[in-house]
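Printed here is input28.cif (mmCIF, C-alpha atoms and all ligand atoms):
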data_work
#
loop_
_atom_site.label_atom_id
_atom_site.label_comp_id
_atom_site.auth_asym_id
_atom_site.auth_seq_id
_atom_site.Cartn_x
_atom_site.Cartn_y
_atom_site.Cartn_z
CA MET A 1 -3.78 3.76 -22.55
CA SER A 2 -1.09 3.92 -19.88
CA GLN A 3 1.00 7.09 -19.65
CA ALA A 4 3.40 5.47 -17.19
CA GLN A 5 6.85 6.93 -17.51
CA PRO A 6 10.28 5.92 -16.33
CA VAL A 7 11.26 8.54 -13.76
CA GLY A 8 14.96 7.99 -13.44
CA TYR A 9 14.40 4.69 -11.65
CA GLU A 10 15.44 1.39 -13.17
CA THR A 11 12.66 -0.73 -11.67
CA LEU A 12 9.74 1.70 -11.34
CA LEU A 13 7.34 3.62 -13.53
CA LEU A 14 5.37 6.65 -12.43
CA GLU A 15 2.19 8.02 -13.91
CA ARG A 16 0.34 11.08 -12.69
CA ARG A 17 -3.40 11.38 -13.27
CA GLU A 18 -4.64 14.57 -11.72
CA ARG A 19 -3.99 14.15 -7.98
CA VAL A 20 -3.26 10.41 -8.16
CA ALA A 21 0.26 9.06 -8.67
CA ILE A 22 0.47 5.48 -9.94
CA ILE A 23 3.70 3.68 -9.06
CA THR A 24 4.32 0.49 -11.04
CA ILE A 25 7.03 -2.04 -10.20
CA ASN A 26 8.38 -2.82 -13.62
CA ARG A 27 10.02 -6.26 -13.55
CA PRO A 28 7.26 -8.33 -15.18
CA ASP A 29 9.70 -10.99 -16.43
CA LYS A 30 10.59 -11.65 -12.78
CA ARG A 31 6.96 -11.38 -11.68
CA ASN A 32 7.91 -8.02 -10.14
CA ALA A 33 9.93 -9.74 -7.40
CA LEU A 34 11.33 -7.29 -4.87
CA ASN A 35 15.08 -7.00 -5.20
CA ILE A 36 17.29 -4.53 -3.35
CA LYS A 37 17.15 -2.03 -6.21
CA THR A 38 13.33 -2.03 -6.17
CA ARG A 39 13.25 -1.56 -2.41
CA GLU A 40 15.71 1.35 -2.54
CA GLU A 41 14.03 3.00 -5.51
CA GLY A 42 10.55 2.54 -4.06
CA ALA A 43 11.57 4.17 -0.79
CA ALA A 44 13.29 7.02 -2.67
CA LEU A 45 10.28 7.65 -4.92
CA LEU A 46 7.93 7.69 -1.93
CA GLU A 47 10.24 10.20 -0.27
CA GLU A 48 9.88 12.42 -3.36
CA LEU A 49 6.08 12.09 -3.43
CA ARG A 50 5.78 12.69 0.32
CA THR A 51 6.34 16.43 -0.09
CA ASP A 52 4.78 16.77 -3.54
CA ASP A 53 1.59 18.74 -2.92
CA SER A 54 0.21 17.84 -6.34
CA VAL A 55 -0.11 14.20 -5.22
CA GLY A 56 -3.02 13.35 -2.95
CA VAL A 57 -3.17 9.56 -3.27
CA VAL A 58 -0.74 6.88 -4.44
CA VAL A 59 -1.82 3.75 -6.30
CA PHE A 60 0.77 0.99 -6.21
CA THR A 61 0.78 -1.90 -8.67
CA GLY A 62 2.89 -4.36 -10.67
CA ALA A 63 3.58 -4.37 -14.40
CA GLY A 64 2.00 -6.97 -16.68
CA ASP A 65 -1.06 -9.13 -16.14
CA LYS A 66 0.54 -11.96 -14.16
CA ALA A 67 1.82 -10.50 -10.94
CA PHE A 68 1.41 -7.71 -8.47
CA ILE A 69 4.60 -8.85 -6.73
CA ALA A 70 5.67 -12.52 -6.42
CA GLY A 71 7.62 -11.85 -3.24
CA ALA A 72 11.19 -11.05 -2.31
CA ASP A 73 13.72 -11.79 -5.03
CA ILE A 74 14.65 -15.32 -4.00
CA GLY A 75 17.85 -15.16 -6.05
CA GLU A 76 19.20 -12.57 -3.61
CA PHE A 77 18.68 -14.91 -0.63
CA ALA A 78 21.45 -17.27 -1.74
CA GLY A 79 24.62 -16.62 0.22
CA ARG A 80 23.10 -13.84 2.29
CA THR A 81 24.06 -13.79 5.96
CA ALA A 82 21.68 -13.07 8.83
CA MET A 83 23.14 -9.62 9.42
CA MET A 84 22.97 -8.73 5.72
CA GLN A 85 19.31 -9.76 5.58
CA ARG A 86 18.53 -7.83 8.74
CA ASP A 87 20.08 -4.74 7.18
CA VAL A 88 17.98 -5.13 4.01
CA MET A 89 14.80 -5.37 6.05
CA THR A 90 15.57 -2.46 8.37
CA SER A 91 17.67 0.13 6.56
CA ARG A 92 15.84 -0.26 3.25
CA SER A 93 12.35 -1.05 4.47
CA LEU A 94 9.87 -0.34 1.72
CA PHE A 95 7.22 -1.77 4.06
CA THR A 96 7.85 0.98 6.62
CA ALA A 97 8.03 3.58 3.85
CA PHE A 98 4.49 2.69 2.77
CA ASP A 99 3.22 2.32 6.29
CA THR A 100 4.42 5.75 7.37
CA PHE A 101 3.67 7.55 4.09
CA PRO A 102 1.44 10.48 5.09
CA LYS A 103 -0.99 10.07 2.16
CA PRO A 104 -3.37 7.22 1.36
CA VAL A 105 -1.84 4.34 -0.61
CA ILE A 106 -4.00 1.88 -2.55
CA ALA A 107 -2.55 -1.47 -3.61
CA MET A 108 -3.98 -2.39 -7.03
CA ILE A 109 -3.41 -6.15 -7.10
CA ASN A 110 -3.43 -7.59 -10.57
CA GLY A 111 -2.01 -11.11 -10.16
CA TYR A 112 0.30 -13.06 -7.84
CA CYS A 113 0.50 -11.27 -4.52
CA LEU A 114 2.88 -13.48 -2.60
CA GLY A 115 5.33 -13.29 0.28
CA GLY A 116 6.86 -9.81 0.42
CA GLY A 117 4.30 -8.75 -2.21
CA CYS A 118 1.44 -9.65 0.11
CA GLU A 119 3.29 -7.94 2.96
CA LEU A 120 3.70 -4.80 0.88
CA ALA A 121 -0.01 -4.85 0.04
CA LEU A 122 -0.67 -5.21 3.79
CA ALA A 123 1.45 -2.11 4.45
CA CYS A 124 -0.80 -0.15 2.07
CA ASP A 125 -4.04 1.41 3.33
CA ILE A 126 -6.58 -0.14 0.95
CA ARG A 127 -6.27 -3.30 -1.16
CA VAL A 128 -8.18 -3.72 -4.41
CA ALA A 129 -7.78 -6.95 -6.39
CA SER A 130 -8.67 -8.38 -9.76
CA GLU A 131 -10.62 -11.65 -9.87
CA THR A 132 -7.46 -13.29 -11.21
CA ALA A 133 -5.26 -12.25 -8.27
CA SER A 134 -3.97 -14.79 -5.77
CA PHE A 135 -2.50 -14.35 -2.33
CA GLY A 136 -0.23 -16.18 0.03
CA GLN A 137 2.73 -16.21 2.37
CA PRO A 138 4.69 -19.13 0.87
CA GLU A 139 7.93 -18.41 2.77
CA ILE A 140 7.51 -21.63 4.77
CA ASN A 141 8.21 -23.56 1.54
CA LEU A 142 11.68 -21.98 1.46
CA GLY A 143 12.38 -22.89 5.06
CA ILE A 144 11.91 -19.32 6.26
CA ILE A 145 9.10 -17.15 7.67
CA PRO A 146 7.61 -13.81 6.59
CA GLY A 147 9.89 -10.91 7.55
CA GLY A 148 8.18 -7.86 6.04
CA GLY A 149 5.39 -7.61 8.57
CA GLY A 150 3.36 -10.65 7.48
CA THR A 151 3.10 -12.26 10.89
CA GLN A 152 1.97 -8.95 12.41
CA ARG A 153 -0.04 -7.01 9.82
CA LEU A 154 -1.79 -10.06 8.34
CA THR A 155 -2.73 -11.25 11.82
CA ARG A 156 -4.14 -7.87 12.75
CA LEU A 157 -6.11 -7.67 9.50
CA VAL A 158 -7.62 -11.15 9.21
CA GLY A 159 -7.23 -12.56 12.73
CA GLU A 160 -4.83 -15.11 14.19
CA GLY A 161 -6.53 -18.26 12.93
CA LYS A 162 -6.59 -17.30 9.24
CA ALA A 163 -3.14 -15.71 9.36
CA MET A 164 -1.69 -18.72 11.12
CA GLU A 165 -3.12 -21.13 8.55
CA LEU A 166 -1.82 -19.06 5.60
CA ILE A 167 1.65 -18.68 7.12
CA LEU A 168 2.03 -22.28 8.36
CA SER A 169 0.67 -23.91 5.20
CA GLY A 170 2.08 -21.53 2.59
CA ASP A 171 -1.22 -22.10 0.75
CA ILE A 172 -2.20 -19.76 -2.05
CA ILE A 173 -5.77 -18.42 -1.93
CA ASP A 174 -7.81 -16.84 -4.71
CA ALA A 175 -9.19 -13.29 -4.72
CA LYS A 176 -12.68 -14.35 -3.65
CA THR A 177 -11.30 -16.08 -0.56
CA ALA A 178 -9.04 -13.09 0.15
CA TYR A 179 -12.14 -10.90 0.08
CA GLU A 180 -14.09 -13.25 2.33
CA ILE A 181 -11.39 -13.18 5.03
CA GLY A 182 -11.00 -9.40 4.82
CA LEU A 183 -7.59 -9.38 3.20
CA VAL A 184 -8.80 -7.19 0.32
CA ASN A 185 -11.43 -4.46 0.27
CA HIS A 186 -12.78 -5.12 -3.22
CA VAL A 187 -12.50 -7.63 -6.06
CA PHE A 188 -13.22 -6.56 -9.64
CA PRO A 189 -13.06 -8.27 -13.05
CA ALA A 190 -9.52 -7.88 -14.41
CA ASP A 191 -10.61 -5.55 -17.21
CA GLN A 192 -12.28 -3.19 -14.71
CA LEU A 193 -9.58 -3.22 -12.04
CA GLU A 194 -7.81 -0.04 -13.09
CA ALA A 195 -10.98 2.00 -13.70
CA LYS A 196 -12.55 0.92 -10.41
CA THR A 197 -9.33 1.55 -8.47
CA MET A 198 -9.05 5.00 -10.01
CA GLU A 199 -12.65 5.76 -9.00
CA ILE A 200 -11.76 5.02 -5.39
CA ALA A 201 -8.44 6.89 -5.62
CA ASN A 202 -10.02 9.99 -7.19
CA ARG A 203 -12.82 10.04 -4.64
CA ILE A 204 -10.29 10.03 -1.81
CA ALA A 205 -7.92 12.46 -3.57
CA GLY A 206 -10.75 15.03 -3.57
CA LYS A 207 -10.70 15.28 0.25
CA SER A 208 -8.60 17.58 2.42
CA PRO A 209 -5.00 16.29 2.28
CA ILE A 210 -4.36 17.29 5.86
CA ALA A 211 -7.50 15.54 7.13
CA LEU A 212 -6.57 12.44 5.11
CA SER A 213 -3.14 12.36 6.70
CA LEU A 214 -4.50 12.75 10.24
CA ALA A 215 -7.24 10.18 9.58
CA LYS A 216 -4.68 7.65 8.33
CA GLU A 217 -2.51 8.23 11.39
CA ALA A 218 -5.48 7.82 13.72
CA VAL A 219 -6.79 4.61 12.12
CA LYS A 220 -3.32 3.06 12.18
CA LEU A 221 -3.17 3.68 15.91
CA ALA A 222 -6.02 1.23 16.46
CA SER A 223 -3.86 -1.84 15.91
CA ARG A 224 -0.82 -0.37 17.65
CA SER A 225 -2.12 0.93 20.94
CA ASN A 226 -4.54 -0.05 23.62
CA LEU A 227 -8.04 1.42 23.48
CA ASP A 228 -7.47 4.15 26.07
CA GLU A 229 -4.28 5.36 24.42
CA GLY A 230 -5.85 5.15 20.95
CA LEU A 231 -8.91 7.13 22.03
CA ARG A 232 -6.73 9.77 23.70
CA ARG A 233 -4.57 10.21 20.64
CA GLU A 234 -7.62 10.27 18.38
CA VAL A 235 -8.97 13.23 20.36
CA ASP A 236 -5.60 15.00 19.99
CA LEU A 237 -5.57 14.43 16.23
CA PHE A 238 -9.24 15.45 15.98
CA ALA A 239 -8.50 18.64 17.93
CA LEU A 240 -5.51 19.31 15.68
CA CYS A 241 -7.94 19.52 12.75
CA PHE A 242 -9.39 22.60 14.44
CA SER A 243 -6.11 24.44 13.83
CA THR A 244 -6.32 23.94 10.06
CA ALA A 245 -7.60 26.17 7.28
CA ASP A 246 -9.26 23.08 5.80
CA LYS A 247 -11.49 22.68 8.85
CA ASP A 248 -12.62 26.32 8.48
CA GLU A 249 -13.16 25.81 4.76
CA GLY A 250 -15.01 22.49 5.18
CA VAL A 251 -17.40 23.87 7.78
CA THR A 252 -17.94 27.19 5.94
CA ALA A 253 -18.55 25.40 2.62
CA PHE A 254 -21.15 23.16 4.26
CA LEU A 255 -22.95 26.14 5.79
CA GLU A 256 -22.79 28.04 2.49
CA LYS A 257 -24.04 24.95 0.61
CA ARG A 258 -21.06 24.83 -1.75
CA LYS A 259 -18.15 22.48 -2.44
CA PRO A 260 -15.08 23.06 -0.29
CA VAL A 261 -11.85 24.22 -1.88
CA TRP A 262 -9.12 22.57 0.18
CA LYS A 263 -5.89 24.38 0.94
CA GLY A 264 -4.04 21.46 2.50
CA LYS A 265 -3.17 23.65 5.49
N1 LIG B 301 12.15 -14.19 -6.81
C1 LIG B 301 12.94 -14.23 -7.89
N2 LIG B 301 12.51 -14.59 -9.11
C2 LIG B 301 11.20 -14.88 -9.23
C3 LIG B 301 10.30 -14.84 -8.16
C4 LIG B 301 10.83 -14.47 -6.90
N3 LIG B 301 10.07 -14.38 -5.82
N4 LIG B 301 9.08 -15.19 -8.60
C5 LIG B 301 9.21 -15.43 -9.92
N5 LIG B 301 10.49 -15.24 -10.30
C6 LIG B 301 11.06 -15.42 -11.63
C7 LIG B 301 11.27 -16.87 -11.99
O1 LIG B 301 12.47 -17.35 -11.44
C8 LIG B 301 11.30 -16.78 -13.48
O2 LIG B 301 12.57 -16.29 -13.87
P1 LIG B 301 13.32 -16.92 -15.19
O3 LIG B 301 12.39 -16.65 -16.33
O4 LIG B 301 14.59 -16.14 -15.24
O5 LIG B 301 13.47 -18.38 -14.88
C9 LIG B 301 10.29 -15.69 -13.79
O6 LIG B 301 10.16 -14.93 -12.60
C10 LIG B 301 8.92 -16.23 -14.14
O7 LIG B 301 8.54 -17.13 -13.11
P2 LIG B 301 7.75 -18.48 -13.42
O8 LIG B 301 7.83 -19.33 -12.19
O9 LIG B 301 8.25 -19.09 -14.69
O10 LIG B 301 6.31 -17.89 -13.66
P3 LIG B 301 4.90 -18.55 -13.41
O11 LIG B 301 3.91 -17.54 -13.88
O12 LIG B 301 4.85 -19.93 -13.95
O13 LIG B 301 4.81 -18.71 -11.79
C11 LIG B 301 4.93 -17.89 -9.51
C12 LIG B 301 4.73 -17.55 -11.00
C13 LIG B 301 4.84 -16.56 -8.79
C14 LIG B 301 3.81 -18.83 -9.02
C15 LIG B 301 6.27 -18.59 -9.29
O14 LIG B 301 7.26 -17.86 -9.98
C16 LIG B 301 6.69 -18.65 -7.84
O15 LIG B 301 6.27 -19.54 -7.11
N6 LIG B 301 7.53 -17.68 -7.38
C17 LIG B 301 8.03 -17.65 -6.03
C18 LIG B 301 6.97 -17.18 -5.07
C19 LIG B 301 7.49 -17.15 -3.65
O16 LIG B 301 7.88 -18.15 -3.06
N7 LIG B 301 7.51 -15.93 -3.06
C20 LIG B 301 7.96 -15.73 -1.72
C21 LIG B 301 9.39 -15.38 -1.68
S1 LIG B 301 9.96 -15.16 -0.01
#
Representation of the structure as structure tokens:
Amino acid sequence: MSQAQPVGYETLLLERRERVAIITINRPDKRNALNIKTREEGAALLEELRTDDSVGVVVFTGAGDKAFIAGADIGEFAGRTAMMQRDVMTSRSLFTAFDTFPKPVIAMINGYCLGGGCELALACDIRVASETASFGQPEINLGIIPGGGGTQRLTRLVGEGKAMELILSGDIIDAKTAYEIGLVNHVFPADQLEAKTMEIANRIAGKSPIALSLAKEAVKLASRSNLDEGLRREVDLFALCFSTADKDEGVTAFLEKRKPVWKGK
């Protein structure tokens, strides 16, 4: 049974299970649509968890069994000027907050994953979906385009042809198709989604936090730099590991045939 608790945020719940923090957007009656409050609270909660050493991995999901997130809150679009919208996307970017979060983030996708919801999942590190989930960038149907990274992150993940078709058509695809094009890492029956996601989260949360952070930074470089620059920076980050207590512990533990006890330093 869920132990998710309100944590002083109107739109979010937080549950801690050992070293995994589960953040749930809690607006199921609005299909967890992203309004300004959710964006601000999400960024603030991530800021709290960033320096919380008891948290190794974040799982991000939506409340209820219908939606992960059905996109930006369309009600807020009415009457909004270009400059206002630009400010929402830049000064309160939940997408950037996830992208730059120094710990692994797993999107646990339990239903509609549309528009800004799909873009938020794309800003996470690993995407795990239930068989009942569906995906799309339907902004074109509103006479707009994706603005939370969809044209960039989706294209880098699934390739230009698939991304272009999804964005131009606004078509919704099912979880199986999302898996086939590489949009999600795994698809599980709905009743196993949480358990399977937690298995992955716990496995990762058992690694050195500092190595996880450096590994995430290095992998993200691949789609943001050319090969020479990426390889150079990978070597720097790899070498940085050799200044950590966790590298000493990992190597010593291997040689002593025991499990490492990470210090996160
Ligand atoms: N923004 C604001 N409200 C939204 C929303 C969104 N993106 N998505 C759903 N809601 C609201 C609906 O307006 C409705 O509110 P109401 O009960 O006050 O009328 C409630 O959530 C339930 O939505 P409903 O459409 O009745 O649920 P459904 O299960 O039949 O359909 C969707 C779910 C997601 C298919 C449908 O709501 C939808 O198409 N949403 C918009 C998706 C979209 O275009 N996202 C991109 C935005 S840029």
Margin query: Between atom O5 of ligand LIG 301 (chain B) and CA of Lys66 in chain A, what is the distance in Å, rounded to a tenth?
Written below: 14.5 Å
Next item on the list: Would you kindly return, as a ChimeraX atom specification, each protein, DNA or RNA residue with an atom no farther than 9 Å from any atom of Arg156 in chain A, considering only C-alpha atoms and excluding same-chain residues fewer than 5 positions away?
Entry: /A:151,163,223
Check: Quick one: distance from atom C7 of ligand LIG 301 (chain B) to CA of Pro28 in chain A in Å, one decimal?
Finding: 10.0 Å
Next item on the list: Considering all atoms listed in the file, state which residue in the set A:Ser213, A:Ser134, A:Ser169, A:Thr81 is at the smallest distance from ligand LIG 301 (chain B).
Entry: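 Comparing A:Ser213, A:Ser134, A:Ser169, A:Thr81 against ligand LIG 301 (chain B), the winner is A:Ser134.
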Note to self: For a test of reading the model, state the distance in Å between CA of Lys259 in chain A and CA of Ala218 in chain A, rounded to one decimal.
What the structure shows: 25.2 Å
Check: What's the 12 Å shell around Met108 in chain A, counting only C-alpha atoms, without same-chain residues fewer than 2 positions away, as a ChimeraX atom specification?
Finding: /A:22-25,58-63,65,67-69,105-106,110-113,117-118,120-122,124-131,133,184-188,190,192-198,200-201
Check: For Val88 in chain A, which residue out of A:Gly230, A:Pro260, A:Gly250, A:Gly148 is the nearest one, using only C-alpha atoms?
Finding: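 Residue with the minimum atom-to-atom distance to Val88 in chain A: A:Gly148.
Using only C-alpha atoms and all ligand atoms, the nearest neighbour of ligand LIG 301 (chain B) within the list A:Val55, A:Leu46, A:Leu142, A:Ala123 is A:Leu142.
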Restrict the calculation to all atoms listed in the file, then for each residue of chain A with any atom at most 6 Å from an atom of ligand LIG 301 (chain B) give the closest atom pair and their distance in Å to one decimal, rows by chain and rising residue number, as CSV.
residue,atom,partner,partner_atom,distance
A:Asp29,CA,B:LIG301,C9,5.4
A:Lys30,CA,B:LIG301,O6,3.3
A:Arg31,CA,B:LIG301,O6,4.9
A:Ala33,CA,B:LIG301,C4,4.8
A:Ala70,CA,B:LIG301,C13,4.8
A:Gly71,CA,B:LIG301,N7,4.1
A:Ala72,CA,B:LIG301,C21,4.7
A:Asp73,CA,B:LIG301,N1,3.4
A:Ile74,CA,B:LIG301,N1,3.9
A:Gly75,CA,B:LIG301,C1,5.3
A:Tyr112,CA,B:LIG301,C13,5.8
A:Leu114,CA,B:LIG301,N7,5.3
A:Gly115,CA,B:LIG301,C20,4.1
A:Pro138,CA,B:LIG301,O16,5.2
A:Glu139,CA,B:LIG301,S1,4.7
Note to self: For a quick check of understanding, using only C-alpha atoms, which of A:Asp191, A:Glu10, A:Asp87, A:Glu18 has the smallest distance to Thr38 in chain A?
What the structure shows: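 With only C-alpha atoms as the atom set, the closest residue is A:Glu10.
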Checklist line | Exercise: residues within 9 Å of coordinate (2.3, 12.3, 2.1), counting all atoms listed in the file, as number ranges by chain | finding: A: 46-47, 49-53, 55-57, 100-104, 209, 213
Notebook entry, point to check: Out of A:Thr155, A:Arg232, A:Cys241, A:Arg39, which residue has the shortest atom-to-atom distance to Ala97 in chain A when counting only C-alpha atoms?
Noted result: A:Arg39
Next item on the list: Give the answer as one residue: which of A:Lys265, A:Gly143, A:Gly182, A:Gly136 has the shortest atom-to-atom distance to Leu166 in chain A, using only C-alpha atoms?
Entry: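 Closest to Leu166 in chain A, using only C-alpha atoms: A:Gly136.
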Distance query Trp262 in chain A at most 7 Å, only C-alpha atoms, self and fewer than 5 positions along chain excluded, as an mmCIF file with C-alpha atoms, in the frame of the given file:
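Wrote around.cif, looks like this:
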data_model
loop_
_atom_site.group_PDB
_atom_site.id
_atom_site.type_symbol
_atom_site.label_atom_id
_atom_site.label_comp_id
_atom_site.auth_asym_id
_atom_site.auth_seq_id
_atom_site.Cartn_x
_atom_site.Cartn_y
_atom_site.Cartn_z
ATOM 1 C CA SER A 208 -8.600 17.580 2.420
ATOM 2 C CA ASP A 246 -9.260 23.080 5.800
ATOM 3 C CA GLU A 249 -13.160 25.810 4.760
#
